[in-house]
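The file entry-v3.cif comes next; it holds mmCIF, C-alpha atoms.
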data_upload
loop_
_atom_site.label_atom_id
_atom_site.label_comp_id
_atom_site.auth_asym_id
_atom_site.auth_seq_id
_atom_site.Cartn_x
_atom_site.Cartn_y
_atom_site.Cartn_z
CA MET A 1 -18.71 37.00 8.81
CA SER A 2 -16.81 33.68 8.78
CA LYS A 3 -17.24 31.35 5.80
CA TRP A 4 -18.13 28.63 8.30
CA ASP A 5 -20.93 30.50 10.09
CA LYS A 6 -23.75 28.95 8.07
CA VAL A 7 -22.17 25.50 8.20
CA ASP A 8 -21.72 25.76 11.97
CA ASN A 9 -25.34 26.94 12.33
CA ALA A 10 -26.47 23.87 10.36
CA TYR A 11 -24.39 21.59 12.58
CA ASP A 12 -25.82 23.10 15.77
CA PHE A 13 -29.36 22.93 14.36
CA LEU A 14 -29.08 19.27 13.28
CA LEU A 15 -27.32 18.26 16.49
CA ALA A 16 -30.11 19.80 18.56
CA LYS A 17 -32.82 18.11 16.48
CA GLU A 18 -31.09 14.76 16.84
CA GLY A 19 -30.81 15.24 20.60
CA GLN A 20 -34.54 15.97 20.75
CA SER A 21 -35.36 13.07 18.35
CA SER A 22 -37.44 15.55 16.39
CA THR A 23 -37.93 16.28 12.69
CA PHE A 24 -37.45 19.48 10.71
CA THR A 25 -38.38 21.02 7.37
CA LYS A 26 -36.12 22.55 4.74
CA LYS A 27 -37.66 25.92 5.45
CA GLU A 28 -36.79 25.68 9.17
CA LEU A 29 -33.20 24.75 8.42
CA ALA A 30 -32.90 27.52 5.81
CA LYS A 31 -34.15 30.08 8.30
CA SER A 32 -31.75 28.85 11.01
CA THR A 33 -28.68 28.90 8.76
CA GLY A 34 -29.30 31.76 6.32
CA TRP A 35 -29.11 29.47 3.28
CA LYS A 36 -31.69 29.43 0.53
CA GLU A 37 -34.01 26.42 0.46
CA ALA A 38 -32.45 25.33 -2.84
CA SER A 39 -29.06 25.08 -1.13
CA VAL A 40 -30.55 23.09 1.75
CA THR A 41 -32.13 20.70 -0.77
CA THR A 42 -28.73 20.13 -2.40
CA TYR A 43 -26.95 19.53 0.90
CA ILE A 44 -29.58 17.05 2.10
CA ALA A 45 -29.42 15.11 -1.17
CA LYS A 46 -25.64 15.08 -1.58
CA ARG A 47 -23.52 16.12 1.38
CA TRP A 48 -25.70 14.89 4.24
CA CYS A 49 -27.34 11.89 2.58
CA ASP A 50 -25.71 9.50 5.08
CA PHE A 51 -26.85 11.55 8.07
CA ILE A 52 -30.41 12.56 7.18
CA GLU A 53 -33.53 10.41 6.86
CA LYS A 54 -36.75 11.49 5.19
CA GLN A 55 -39.75 11.27 7.54
CA GLY A 56 -42.92 11.65 5.52
CA VAL A 57 -43.78 14.54 3.20
CA GLY A 58 -41.38 17.47 3.58
CA LYS A 59 -39.95 16.31 6.92
CA TYR A 60 -36.44 15.08 7.75
CA LYS A 61 -34.69 13.60 10.76
CA PRO A 62 -30.95 13.77 11.60
CA ILE A 63 -29.21 10.45 12.31
CA SER A 64 -25.63 10.04 13.56
CA ILE A 65 -24.79 13.76 13.34
CA SER A 66 -23.49 13.33 16.88
CA THR A 67 -20.77 11.01 15.55
CA LEU A 68 -19.22 14.02 13.80
CA SER A 69 -17.29 16.80 15.44
CA LYS A 70 -17.87 20.35 14.21
CA GLU A 71 -14.53 20.15 12.40
CA GLU A 72 -15.52 16.93 10.67
CA PHE A 73 -18.84 18.47 9.65
CA ARG A 74 -16.92 21.38 8.16
CA ASN A 75 -14.69 18.94 6.28
CA LEU A 76 -17.81 17.38 4.83
CA HIS A 77 -18.57 20.76 3.28
CA SER A 78 -15.04 21.43 2.04
CA GLN A 79 -15.21 18.43 -0.32
CA LYS A 80 -16.27 18.98 -3.88
CA LEU A 81 -19.77 17.87 -4.79
CA ALA A 82 -19.70 14.98 -7.21
CA LYS A 83 -20.39 16.13 -10.75
CA LYS A 84 -23.02 14.51 -12.88
CA SER A 85 -20.81 11.92 -14.51
CA ILE A 86 -20.97 8.87 -16.70
CA LEU A 87 -20.65 6.78 -13.57
CA VAL A 88 -23.91 7.94 -12.02
CA ASN A 89 -26.37 9.31 -14.51
CA LYS A 90 -25.82 7.58 -17.85
CA LEU A 91 -24.18 4.65 -19.49
CA PRO A 92 -20.75 5.31 -21.03
CA LYS A 93 -20.75 5.91 -24.79
CA THR A 94 -17.30 7.04 -25.97
CA GLU A 95 -14.23 4.79 -25.86
CA LYS A 96 -12.79 6.94 -23.08
CA GLU A 97 -15.97 6.71 -21.02
CA ILE A 98 -16.20 2.94 -21.50
CA ALA A 99 -12.58 2.41 -20.47
CA LEU A 100 -12.91 4.71 -17.45
CA TYR A 101 -16.13 3.00 -16.31
CA LYS A 102 -14.46 -0.39 -16.68
CA ALA A 103 -11.40 0.78 -14.73
CA ARG A 104 -13.44 1.90 -11.73
CA GLU A 105 -15.69 -1.14 -11.70
CA PHE A 106 -12.82 -3.63 -11.75
CA ALA A 107 -10.85 -1.68 -9.13
CA ILE A 108 -13.85 -1.77 -6.78
CA LEU A 109 -14.33 -5.45 -7.59
CA SER A 110 -10.69 -6.15 -6.67
CA VAL A 111 -11.27 -4.57 -3.25
CA SER A 112 -14.45 -6.58 -2.76
CA VAL A 113 -12.63 -9.83 -3.51
CA TYR A 114 -9.69 -8.99 -1.26
CA ASN A 115 -11.90 -7.97 1.65
CA ASN A 116 -14.25 -10.94 1.39
CA PRO A 117 -13.59 -13.19 4.44
CA THR A 118 -15.09 -16.24 2.66
CA ILE A 119 -12.55 -16.20 -0.18
CA ASN A 120 -9.23 -18.00 0.24
CA LEU A 121 -7.49 -16.98 -2.97
CA LYS A 122 -7.66 -13.29 -2.15
CA THR A 123 -4.36 -12.26 -3.71
CA TYR A 124 -4.92 -13.95 -7.04
CA GLY A 125 -8.50 -12.67 -7.31
CA TYR A 126 -7.31 -9.19 -6.39
CA ILE A 127 -4.44 -9.22 -8.90
CA VAL A 128 -6.62 -10.42 -11.78
CA ASN A 129 -9.12 -7.62 -11.23
CA ILE A 130 -6.69 -4.80 -10.40
CA THR A 131 -4.59 -5.52 -13.50
CA ILE A 132 -7.72 -5.28 -15.64
CA ALA A 133 -8.55 -2.02 -13.87
CA TRP A 134 -5.08 -0.57 -14.51
CA THR A 135 -5.18 -1.61 -18.17
CA ALA A 136 -8.55 0.06 -18.67
CA LEU A 137 -7.36 3.19 -16.86
CA PHE A 138 -4.35 3.51 -19.15
CA HIS A 139 -6.61 3.05 -22.18
CA ALA A 140 -8.85 5.85 -20.90
CA ILE A 141 -5.82 8.11 -20.42
CA PHE A 142 -4.55 7.30 -23.92
CA GLU A 143 -8.00 8.05 -25.37
CA LYS A 144 -8.03 11.37 -23.54
CA ASN A 145 -4.57 12.28 -24.78
CA LYS A 146 -5.15 10.86 -28.30
CA ILE A 147 -2.30 8.35 -27.99
CA ASP A 148 -2.40 5.28 -30.23
CA TYR A 149 -2.44 2.20 -27.98
CA PHE A 150 -3.07 -0.57 -30.49
CA CYS A 151 -0.59 -3.28 -31.50
CA LYS A 152 0.83 -3.23 -35.02
CA ILE A 153 2.45 -5.87 -37.20
CA LYS A 154 5.11 -5.52 -39.87
CA GLY A 155 4.18 -2.91 -42.41
CA GLY A 156 2.46 -0.72 -39.84
CA LYS A 157 -0.92 -2.47 -40.01
CA TYR A 158 -2.92 -3.05 -36.86
CA LYS A 159 -3.02 -6.54 -35.38
CA ILE A 160 -6.60 -7.81 -35.61
CA ILE A 161 -8.10 -10.37 -33.23
CA ASP A 162 -11.74 -11.46 -33.56
CA GLY A 163 -12.36 -8.57 -35.92
CA GLU A 164 -11.03 -5.88 -33.57
CA LYS A 165 -7.70 -4.11 -33.16
CA LYS A 166 -5.61 -5.64 -30.37
CA SER A 167 -4.91 -3.05 -27.66
CA PHE A 168 -1.80 -2.82 -25.49
CA ASP A 169 -1.62 -5.13 -22.49
CA LEU A 170 -0.75 -3.70 -19.08
CA SER A 171 3.02 -4.11 -19.49
CA GLU A 172 3.02 -2.24 -22.78
CA CYS A 173 0.66 0.41 -21.37
CA SER A 174 2.96 1.17 -18.45
CA LYS A 175 6.01 1.37 -20.72
CA THR A 176 4.16 3.74 -23.05
CA PHE A 177 2.82 5.93 -20.24
CA TRP A 178 6.15 6.32 -18.43
CA LYS A 179 8.19 6.13 -21.64
CA GLY A 180 10.25 3.27 -20.27
CA LYS A 181 11.51 5.18 -17.22
CA THR A 182 11.53 3.11 -14.02
CA ASN A 183 9.62 4.33 -10.97
CA PRO A 184 8.05 2.68 -7.88
CA VAL A 185 4.51 2.69 -9.31
CA MET A 186 5.65 1.02 -12.53
CA GLU A 187 7.68 -1.58 -10.61
CA ASN A 188 4.72 -2.33 -8.35
CA ILE A 189 2.56 -3.08 -11.40
CA LYS A 190 5.34 -5.13 -12.97
CA PHE A 191 5.72 -7.18 -9.77
CA LEU A 192 2.01 -8.05 -9.57
CA ILE A 193 1.86 -8.96 -13.28
CA GLY A 194 4.75 -11.39 -12.84
CA LEU A 195 3.22 -12.80 -9.68
CA ARG A 196 -0.09 -13.34 -11.46
CA ASN A 197 1.68 -15.26 -14.21
CA LYS A 198 3.47 -17.47 -11.66
CA ILE A 199 0.43 -18.35 -9.57
CA GLU A 200 -2.11 -18.73 -12.36
CA HIS A 201 -2.32 -22.50 -11.89
CA ARG A 202 -1.41 -22.69 -8.21
CA SER A 203 -3.52 -22.60 -5.05
CA LEU A 204 -1.73 -20.22 -2.70
CA PRO A 205 -4.01 -18.68 -0.06
CA GLU A 206 -1.12 -18.14 2.35
CA LEU A 207 0.45 -15.72 -0.14
CA ASP A 208 -2.07 -13.06 0.94
CA PHE A 209 -0.09 -12.21 4.05
CA ILE A 210 3.26 -12.11 2.20
CA VAL A 211 2.37 -9.51 -0.47
CA ALA A 212 -0.33 -7.47 1.29
CA GLY A 213 1.85 -4.33 1.19
CA GLU A 214 2.30 -4.50 -2.58
CA CYS A 215 -1.44 -5.05 -3.08
CA GLN A 216 -2.36 -2.04 -0.93
CA SER A 217 0.18 0.19 -2.73
CA CYS A 218 -1.21 -0.87 -6.09
CA LEU A 219 -4.71 0.25 -5.11
CA THR A 220 -3.48 3.53 -3.61
CA ASN A 221 -1.49 4.23 -6.78
CA PHE A 222 -4.58 3.52 -8.88
CA GLU A 223 -6.65 5.90 -6.76
CA ASN A 224 -4.05 8.65 -7.10
CA MET A 225 -3.78 8.14 -10.86
CA ILE A 226 -7.50 8.18 -11.64
CA VAL A 227 -8.06 11.31 -9.53
CA GLN A 228 -5.03 13.04 -11.03
CA GLU A 229 -6.10 12.29 -14.60
CA PHE A 230 -9.89 12.64 -14.36
CA GLY A 231 -10.77 14.47 -11.14
CA ASP A 232 -12.08 13.86 -7.63
CA GLU A 233 -15.48 12.65 -8.80
CA TYR A 234 -13.86 9.41 -9.97
CA SER A 235 -12.30 8.66 -6.59
CA LEU A 236 -12.80 5.12 -5.32
CA ASN A 237 -13.07 6.29 -1.72
CA ALA A 238 -9.82 4.43 -0.99
CA ASN A 239 -10.35 4.26 2.76
CA LEU A 240 -12.52 1.21 2.03
CA ALA A 241 -9.39 -0.63 0.92
CA ILE A 242 -8.36 -1.67 4.44
CA SER A 243 -9.48 -5.22 5.01
CA MET A 244 -10.93 -5.17 8.51
CA GLN A 245 -10.83 -8.94 8.95
CA LEU A 246 -7.06 -8.74 8.40
CA SER A 247 -6.49 -5.83 10.77
CA ARG A 248 -5.49 -8.19 13.59
CA ILE A 249 -3.19 -11.04 12.61
CA SER A 250 -1.89 -13.16 15.45
CA GLN A 251 1.78 -13.93 15.81
CA LYS A 252 0.91 -17.61 15.45
CA SER A 253 -0.88 -16.98 12.16
CA GLN A 254 2.07 -14.98 10.85
CA GLU A 255 4.50 -17.73 11.77
CA ARG A 256 2.29 -20.35 10.13
CA ALA A 257 2.02 -18.29 6.93
CA ILE A 258 5.76 -17.69 6.77
CA LYS A 259 6.53 -21.35 7.50
CA GLU A 260 4.19 -22.44 4.70
CA PHE A 261 5.77 -19.88 2.37
CA GLN A 262 9.21 -21.41 3.04
CA SER A 263 8.06 -24.92 2.05
CA LYS A 264 9.09 -26.62 -1.20
CA ASN A 265 5.65 -25.98 -2.70
CA TYR A 266 6.53 -22.28 -2.83
CA ASN A 267 10.00 -22.57 -4.41
CA VAL A 268 8.93 -21.03 -7.73
CA ILE A 269 7.04 -18.15 -6.11
CA ARG A 270 9.68 -17.53 -3.45
CA LYS A 271 12.43 -17.40 -6.07
CA TYR A 272 10.37 -15.00 -8.20
CA ILE A 273 9.77 -12.62 -5.28
CA LYS A 274 13.41 -12.74 -4.16
CA ASP A 275 14.81 -12.26 -7.68
CA PHE A 276 12.42 -9.39 -8.40
CA GLN A 277 13.18 -7.56 -5.16
CA ASP A 278 16.93 -8.10 -5.55
CA GLY A 279 16.71 -6.35 -8.90
CA LEU A 280 15.17 -3.17 -7.44
CA THR A 281 17.09 -0.09 -6.41
CA ASP A 282 16.97 0.89 -2.74
CA ASP A 283 14.83 3.95 -3.58
CA VAL A 284 12.19 1.80 -5.26
CA ARG A 285 12.31 -1.03 -2.72
CA THR A 286 11.69 1.33 0.22
CA SER A 287 9.08 3.47 -1.54
CA GLN A 288 5.52 3.41 -0.20
CA GLU A 289 4.39 3.46 -3.83
CA TYR A 290 6.03 0.07 -4.35
CA ARG A 291 5.12 -1.54 -1.05
CA LEU A 292 3.01 0.06 1.65
CA SER A 293 4.46 -0.50 5.12
CA VAL A 294 2.38 0.96 7.93
CA PHE A 295 1.52 0.30 11.55
CA LEU A 296 -2.09 0.59 12.62
CA VAL A 297 -2.09 2.31 15.98
CA PRO A 298 -5.19 2.86 18.15
CA LYS A 299 -5.90 6.56 18.53
CA LEU A 300 -7.52 7.87 21.68
CA LYS A 301 -10.70 9.83 21.06
CA ASN A 302 -10.14 13.56 21.20
CA HIS A 303 -13.69 14.72 21.75
CA ALA A 304 -16.87 13.39 23.26
CA LYS A 305 -18.64 12.73 20.00
CA SER A 306 -15.85 10.76 18.32
CA SER A 307 -15.95 7.01 17.97
CA ASP A 308 -14.20 4.81 20.53
CA MET A 309 -11.26 4.03 18.27
CA THR A 310 -10.03 5.19 14.89
CA ILE A 311 -7.06 4.33 12.71
CA GLU A 312 -4.86 7.11 11.46
CA PHE A 313 -2.12 7.03 8.83
CA ILE A 314 0.73 9.41 9.63
CA LYS A 315 3.08 10.34 6.81
CA ALA A 316 6.64 10.47 8.14
CA GLU A 317 9.04 12.78 6.33
CA PRO A 318 12.14 13.16 8.50
CA GLY A 319 14.12 16.18 7.41
CA THR A 320 17.54 15.29 8.79
CA LYS A 321 19.67 12.20 9.33
CA ASP A 322 19.19 12.50 13.11
CA GLU A 323 15.41 12.65 12.70
CA LEU A 324 15.52 9.59 10.44
CA GLU A 325 17.53 7.65 13.01
CA GLN A 326 15.06 8.57 15.76
CA TYR A 327 12.18 7.56 13.48
CA GLU A 328 13.81 4.18 12.79
CA LYS A 329 14.32 3.65 16.51
CA GLY A 330 10.61 4.31 17.03
CA ILE A 331 9.74 1.78 14.34
CA ALA A 332 12.01 -0.78 15.96
CA TYR A 333 10.23 -0.15 19.26
CA ILE A 334 6.83 -0.74 17.71
CA LYS A 335 7.85 -3.73 15.66
CA GLY A 336 9.63 -5.57 18.44
CA ASP A 337 11.08 -8.80 17.13
CA VAL A 338 8.99 -9.03 13.99
CA GLU A 339 11.80 -8.05 11.61
CA SER A 340 14.71 -10.46 11.37
CA PRO A 341 18.13 -9.03 12.40
CA TYR A 342 19.83 -11.45 10.01
CA ARG A 343 19.93 -9.46 6.80
CA ILE A 344 23.56 -8.86 5.71
CA LYS A 345 25.27 -11.06 3.12
CA PRO A 346 28.94 -12.03 3.65
CA THR A 347 29.97 -9.98 0.59
CA ILE A 348 28.41 -6.87 2.14
CA VAL A 349 30.12 -7.58 5.45
CA VAL A 350 33.47 -7.71 3.62
CA GLN A 351 32.76 -4.43 1.82
CA GLN A 352 31.75 -2.56 4.97
CA VAL A 353 34.66 -3.83 7.06
CA SER A 354 37.16 -3.14 4.26
CA MET A 355 36.05 0.48 4.10
CA ALA A 356 36.36 0.93 7.88
CA ILE A 357 39.76 -0.60 8.69
CA GLU A 358 43.27 0.17 7.47
CA GLY A 359 44.26 -3.35 6.38
CA ARG A 360 42.80 -5.53 3.63
CA PHE A 361 39.77 -7.62 4.48
CA THR A 362 38.85 -10.35 2.00
CA MET A 363 36.25 -13.07 1.87
CA HIS A 364 38.94 -15.46 3.07
CA ASN A 365 39.56 -13.18 6.04
CA HIS A 366 35.85 -13.19 6.76
CA THR A 367 35.84 -16.98 6.80
CA GLN A 368 38.77 -16.85 9.23
CA ALA A 369 36.88 -14.37 11.41
CA ARG A 370 33.59 -16.24 11.63
CA LYS A 371 35.53 -19.43 12.54
CA LYS A 372 37.82 -17.71 15.05
CA TYR A 373 34.97 -15.90 16.80
CA LYS A 374 32.50 -18.79 16.32
CA ALA A 375 29.88 -16.54 14.71
CA ARG A 376 28.10 -19.58 13.30
CA PRO A 377 28.41 -23.37 12.92
CA ASN A 378 30.85 -24.57 10.28
CA VAL A 379 28.13 -26.69 8.70
CA ASN A 380 24.63 -25.81 7.54
CA LYS A 381 22.32 -25.89 10.52
CA PRO A 382 18.77 -24.73 9.64
CA GLY A 383 17.17 -23.01 12.58
CA PHE A 384 20.41 -21.66 14.04
CA LYS A 385 20.03 -18.14 15.48
CA GLY A 386 23.04 -16.50 17.12
CA LYS A 387 24.05 -13.01 18.15
CA TYR A 388 26.02 -12.36 14.99
CA CYS A 389 24.58 -14.78 12.46
CA GLY A 390 21.47 -16.83 11.72
CA TRP A 391 20.12 -19.36 9.22
CA VAL A 392 17.50 -17.72 6.99
CA GLU A 393 14.85 -19.86 5.33
CA GLY A 394 14.22 -18.88 1.74
CA HIS A 395 17.77 -17.60 1.46
CA ASP A 396 18.76 -21.16 2.42
CA GLY A 397 21.95 -19.99 4.05
CA TYR A 398 23.47 -17.80 6.74
CA LEU A 399 23.10 -14.02 6.94
CA TYR A 400 24.77 -11.69 9.43
CA THR A 401 23.70 -8.88 11.76
CA LYS A 402 24.78 -5.26 12.07
CA GLU A 403 26.36 -6.24 15.39
CA TRP A 404 28.71 -8.61 13.54
CA VAL A 405 29.91 -5.82 11.25
CA ALA A 406 30.41 -3.46 14.21
CA PHE A 407 32.25 -6.16 16.16
CA LEU A 408 34.67 -6.88 13.31
CA ILE A 409 35.40 -3.20 12.74
CA THR A 410 36.14 -2.68 16.44
CA GLU A 411 38.33 -5.78 16.64
CA LEU A 412 40.30 -5.29 13.45
CA CYS A 413 41.06 -1.62 13.96
CA ASP A 414 43.47 -3.04 16.53
CA GLN A 415 46.54 -3.96 14.45
CA LYS A 416 47.61 -6.76 16.80
CA LYS A 417 44.22 -8.43 16.59
CA TYR A 418 44.19 -7.91 12.85
CA GLY A 419 47.61 -9.57 12.56
CA LYS A 420 46.45 -12.56 14.60
CA LEU A 421 43.34 -12.95 12.45
CA ILE A 422 45.10 -13.15 9.09
CA LYS A 423 47.40 -15.83 10.52
CA TYR A 424 44.51 -17.81 12.02
CA ARG A 425 44.12 -21.42 10.95
CA ALA A 426 41.07 -23.38 12.11
#

The structure given in the file should be rewritten as C-alpha cells.
Amino acid sequence: MSKWDKVDNAYDFLLAKEGQSSTFTKKELAKSTGWKEASVTTYIAKRWCDFIEKQGVGKYKPISISTLSKEEFRNLHSQKLAKKSILVNKLPKTEKEIALYKAREFAILSVSVYNNPTINLKTYGYIVNITIAWTALFHAIFEKNKIDYFCKIKGGKYKIIDGEKKSFDLSECSKTFWKGKTNPVMENIKFLIGLRNKIEHRSLPELDFIVAGECQSCLTNFENMIVQEFGDEYSLNANLAISMQLSRISQKSQERAIKEFQSKNYNVIRKYIKDFQDGLTDDVRTSQEYRLSVFLVPKLKNHAKSSDMTIEFIKAEPGTKDELEQYEKGIAYIKGDVESPYRIKPTIVVQQVSMAIEGRFTMHNHTQARKKYKARPNVNKPGFKGKYCGWVEGHDGYLYTKEWVAFLITELCDQKKYGKLIKYRA
C-alpha cells in the first residue's frame, strides 16, 4: 500500500464533491479514505482550512480544490503541521519568547510596508522594520544559547538606560553571532543599516527600485535564519514577500528612477552605495544572500487544473566553466540591453592587456591607445556611448567595454602595431 493512497483518495473525494457542488460529513470522508474521524478533523482544521468551508452542523463543502493538482495536494500533506506555539495560542512570557514574537511581527510588518502601493517611502519603512526584526531575532538566539548580549562599561558593569540594561544593537549582534567573520548575510545587514542612517532625514521614494535586490535578500536571509534556529512553525511564509505591484516595471519607469538617482540630490546616497559595493569581495557582491538577482518568467500551465500563470524561481548551479558561460549567455539574452556594457576601469584594462601581451602596457600606453583608436572623446562628454567606451553617470567618468580589452590584446600582440603605438603622439 502506498503512503499516498489515503491522501489521493481524499483528493479524489473532495474533487468529486466540488464538481457536484455538494457537501460531505467527516464520517463520509473517513470511510472513503480509510482515515479515522479524528484525523479528518485535524486535516480540515489545519491542512485544508483554505480549501474547506463549513456548511451548517457537521457538513463541509470543498472550495478551490480544483486549483490544486494531485501532486500539489500531496505536498500540502508533506508539510509539518504547525505546533502549538507562542505565536498562536498564548502571549509570550520568557525573554526568548518575547524577542522571537517581536522578530516575526516586525518582519511581517516590513513586508506589509514594502508591498503597500499607497506608500512612497517603501525602502526606508522596510529597512526600519526589518532591522528591528533582525535585532530581536538575534536577541532570541542569544537567549536560547545563553549568550550575554548586554553592553558593559568600564569595570564590567552593565550600561543602564531608563532603568534597564542596554542590549546590543544590530551591528554588535551580527558581529557577536558571526564572531566578526565576513559573509554575504552579514554584509547585507551592514549595507541596509548604513543606508538607513544615510536616508533618515531624506525623502527618497525612487530609491526603492535601486536597492530592491538587497531588500529581498534581507528578508529571505531572515526567513532562513528563523527557521534554522527555531523550526518551520516560525516561518514567515516568504512567498508573500514578492511585491506584486512591482512585478512589472516599465522601461520608462526604470529610466526615470535611474535618472533621478543620478541627480545631485542623491550624491550622498550614491557615494555610500558605490563605496560600500567597491569594498566587497567578488564572492560577496555576486552572492544571492547579499543581493537577490532574479528574472520572473511566465510559466506555461502543465495541467488542466493549474492557474493561468505562475512564477517560478530556478536555482542555477552550473557545475563547469562551460556551463557557467552558457548560463551567462542565457542571462544576456533575457536581459537584453538592461545591463550597461561600460563597466571596466582604465586600470583594469591596463592590467588585463599587460597580462596578455609580451610587451609592457602602462597607463600612458592606454592613453595613447584610446587617442590613436579614438575610443572616446578627449574631453568629458556626458552621454557619450561608443563601441569601446561610454560615459557613466554616478561614476562621473568613462568606463570601457570587454570589446575594448579584446581589441587591444589582438592589436598589440602584433609587434609592429605595438611599436607604432608606443611611438604615437596625438

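Distance annotation: of A:Leu14, A:Met186, A:Leu121, A:Ile161, the residue with the minimal separation from Trp134 in chain A is A:Met186; atom set is only C-alpha atoms.
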
Once the PyMOL selection byres ((chain A and resi 229) around 12) has been applied to the shown file, what residues remain in the selection, as a PyMOL selection string? chain A and resi 100+137-145+222-228+230-235

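If you apply the PyMOL selection byres ((chain A and resi 166) around 6) to this structure, you end up with A:Phe150, A:Cys151, A:Lys159, A:Ile160, A:Lys165, A:Ser167.
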
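When all atoms listed in the file are used to measure the gap to Lys381 in chain A, the shortest distance among A:Lys26, A:Ser217, A:Glu393, A:Lys420 belongs to A:Glu393.
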
For the file shown, what are the residues hit by the PyMOL selection byres ((chain A and resi 397-402) around 6), laid out as a short mmCIF file (atom, residue, chain, number, x, y, z; two decimals) with C-alpha atoms, in the coordinates of the input?
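Dumped everything to part-v6.cif:
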data_model
loop_
_atom_site.label_atom_id
_atom_site.label_comp_id
_atom_site.auth_asym_id
_atom_site.auth_seq_id
_atom_site.Cartn_x
_atom_site.Cartn_y
_atom_site.Cartn_z
CA PRO A 341 18.13 -9.03 12.40
CA TYR A 342 19.83 -11.45 10.01
CA ARG A 343 19.93 -9.46 6.80
CA ILE A 344 23.56 -8.86 5.71
CA LYS A 345 25.27 -11.06 3.12
CA TYR A 388 26.02 -12.36 14.99
CA CYS A 389 24.58 -14.78 12.46
CA GLY A 390 21.47 -16.83 11.72
CA TRP A 391 20.12 -19.36 9.22
CA VAL A 392 17.50 -17.72 6.99
CA HIS A 395 17.77 -17.60 1.46
CA ASP A 396 18.76 -21.16 2.42
CA GLU A 403 26.36 -6.24 15.39
CA TRP A 404 28.71 -8.61 13.54
CA VAL A 405 29.91 -5.82 11.25
#

Excluding Leu109 in chain A and residues on its chain fewer than 5 positions from it, collect all residues at most 10 Å away from it, counting all atoms listed in the file, and give them as number ranges by chain. A: 103-104, 114-115, 125-126, 129-130, 133

Students should find that CA of Gln55 in chain A and CA of Gly19 in chain A are spaced 16.3 Å

Rounded to one decimal place, report the CA of Tyr424 in chain A-CA of Gly383 in chain A distance in Å. 27.8 Å

Can you tell me, as a compact mmCIF listing (two decimals) with C-alpha atoms, in the coordinates of the input, which residues sit within 12 Å of (34.9, -6.5, 13.6) in the file's frame, using all atoms listed in the file?
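Output saved as point08.txt:
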# COMPACT_ATOMS: atom_id res chain seq x y z
CA VAL A 349 30.12 -7.58 5.45
CA VAL A 350 33.47 -7.71 3.62
CA GLN A 352 31.75 -2.56 4.97
CA VAL A 353 34.66 -3.83 7.06
CA SER A 354 37.16 -3.14 4.26
CA MET A 355 36.05 0.48 4.10
CA ALA A 356 36.36 0.93 7.88
CA ILE A 357 39.76 -0.60 8.69
CA PHE A 361 39.77 -7.62 4.48
CA ASN A 365 39.56 -13.18 6.04
CA HIS A 366 35.85 -13.19 6.76
CA GLN A 368 38.77 -16.85 9.23
CA ALA A 369 36.88 -14.37 11.41
CA ARG A 370 33.59 -16.24 11.63
CA LYS A 372 37.82 -17.71 15.05
CA TYR A 373 34.97 -15.90 16.80
CA ALA A 375 29.88 -16.54 14.71
CA TYR A 388 26.02 -12.36 14.99
CA THR A 401 23.70 -8.88 11.76
CA LYS A 402 24.78 -5.26 12.07
CA GLU A 403 26.36 -6.24 15.39
CA TRP A 404 28.71 -8.61 13.54
CA VAL A 405 29.91 -5.82 11.25
CA ALA A 406 30.41 -3.46 14.21
CA PHE A 407 32.25 -6.16 16.16
CA LEU A 408 34.67 -6.88 13.31
CA ILE A 409 35.40 -3.20 12.74
CA THR A 410 36.14 -2.68 16.44
CA GLU A 411 38.33 -5.78 16.64
CA LEU A 412 40.30 -5.29 13.45
CA CYS A 413 41.06 -1.62 13.96
CA ASP A 414 43.47 -3.04 16.53
CA GLN A 415 46.54 -3.96 14.45
CA LYS A 417 44.22 -8.43 16.59
CA TYR A 418 44.19 -7.91 12.85
CA LEU A 421 43.34 -12.95 12.45

Is there a way to get, as a PDB file with C-alpha atoms, keeping the file's coordinate frame, all residues within 12 Å of the point (-36.9, 15.6, 15.2) in file coordinates, counting all atoms listed in the file?
ATOM      1  CA  PHE A  13     -29.360  22.930  14.360  1.00  0.00           C
ATOM      2  CA  LEU A  14     -29.080  19.270  13.280  1.00  0.00           C
ATOM      3  CA  LEU A  15     -27.320  18.260  16.490  1.00  0.00           C
ATOM      4  CA  ALA A  16     -30.110  19.800  18.560  1.00  0.00           C
ATOM      5  CA  LYS A  17     -32.820  18.110  16.480  1.00  0.00           C
ATOM      6  CA  GLU A  18     -31.090  14.760  16.840  1.00  0.00           C
ATOM      7  CA  GLY A  19     -30.810  15.240  20.600  1.00  0.00           C
ATOM      8  CA  GLN A  20     -34.540  15.970  20.750  1.00  0.00           C
ATOM      9  CA  SER A  21     -35.360  13.070  18.350  1.00  0.00           C
ATOM     10  CA  SER A  22     -37.440  15.550  16.390  1.00  0.00           C
ATOM     11  CA  THR A  23     -37.930  16.280  12.690  1.00  0.00           C
ATOM     12  CA  PHE A  24     -37.450  19.480  10.710  1.00  0.00           C
ATOM     13  CA  THR A  25     -38.380  21.020   7.370  1.00  0.00           C
ATOM     14  CA  GLU A  28     -36.790  25.680   9.170  1.00  0.00           C
ATOM     15  CA  LEU A  29     -33.200  24.750   8.420  1.00  0.00           C
ATOM     16  CA  ILE A  52     -30.410  12.560   7.180  1.00  0.00           C
ATOM     17  CA  GLU A  53     -33.530  10.410   6.860  1.00  0.00           C
ATOM     18  CA  LYS A  54     -36.750  11.490   5.190  1.00  0.00           C
ATOM     19  CA  GLN A  55     -39.750  11.270   7.540  1.00  0.00           C
ATOM     20  CA  LYS A  59     -39.950  16.310   6.920  1.00  0.00           C
ATOM     21  CA  TYR A  60     -36.440  15.080   7.750  1.00  0.00           C
ATOM     22  CA  LYS A  61     -34.690  13.600  10.760  1.00  0.00           C
ATOM     23  CA  PRO A  62     -30.950  13.770  11.600  1.00  0.00           C
ATOM     24  CA  ILE A  63     -29.210  10.450  12.310  1.00  0.00           C
TER      25      ILE A  63
END

Between CA of Thr123 in chain A and CA of Ile199 in chain A - distance in Å to one decimal: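 That distance, rounded to one decimal, is 9.7 Å.
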
Let me make sure I understand: among A:Met363, A:Asp169, A:Cys49, A:Gly58, which one has the smallest atom-to-atom distance to Gln351 in chain A if we use only C-alpha atoms? A:Met363

Using all atoms listed in the file, which of the listed residues (A:Leu192, A:Ser174, A:Thr367, A:Pro377) sits closest to Arg425 in chain A? A:Thr367

Tell me which protein, DNA and RNA residues are within 10 Å of range 283-287 of chain A, counting only C-alpha atoms, leaving out same-chain ones fewer than 4 positions away, and put them as a VMD selection string. chain A and resid 182 to 188 217 277 to 279 291 to 293
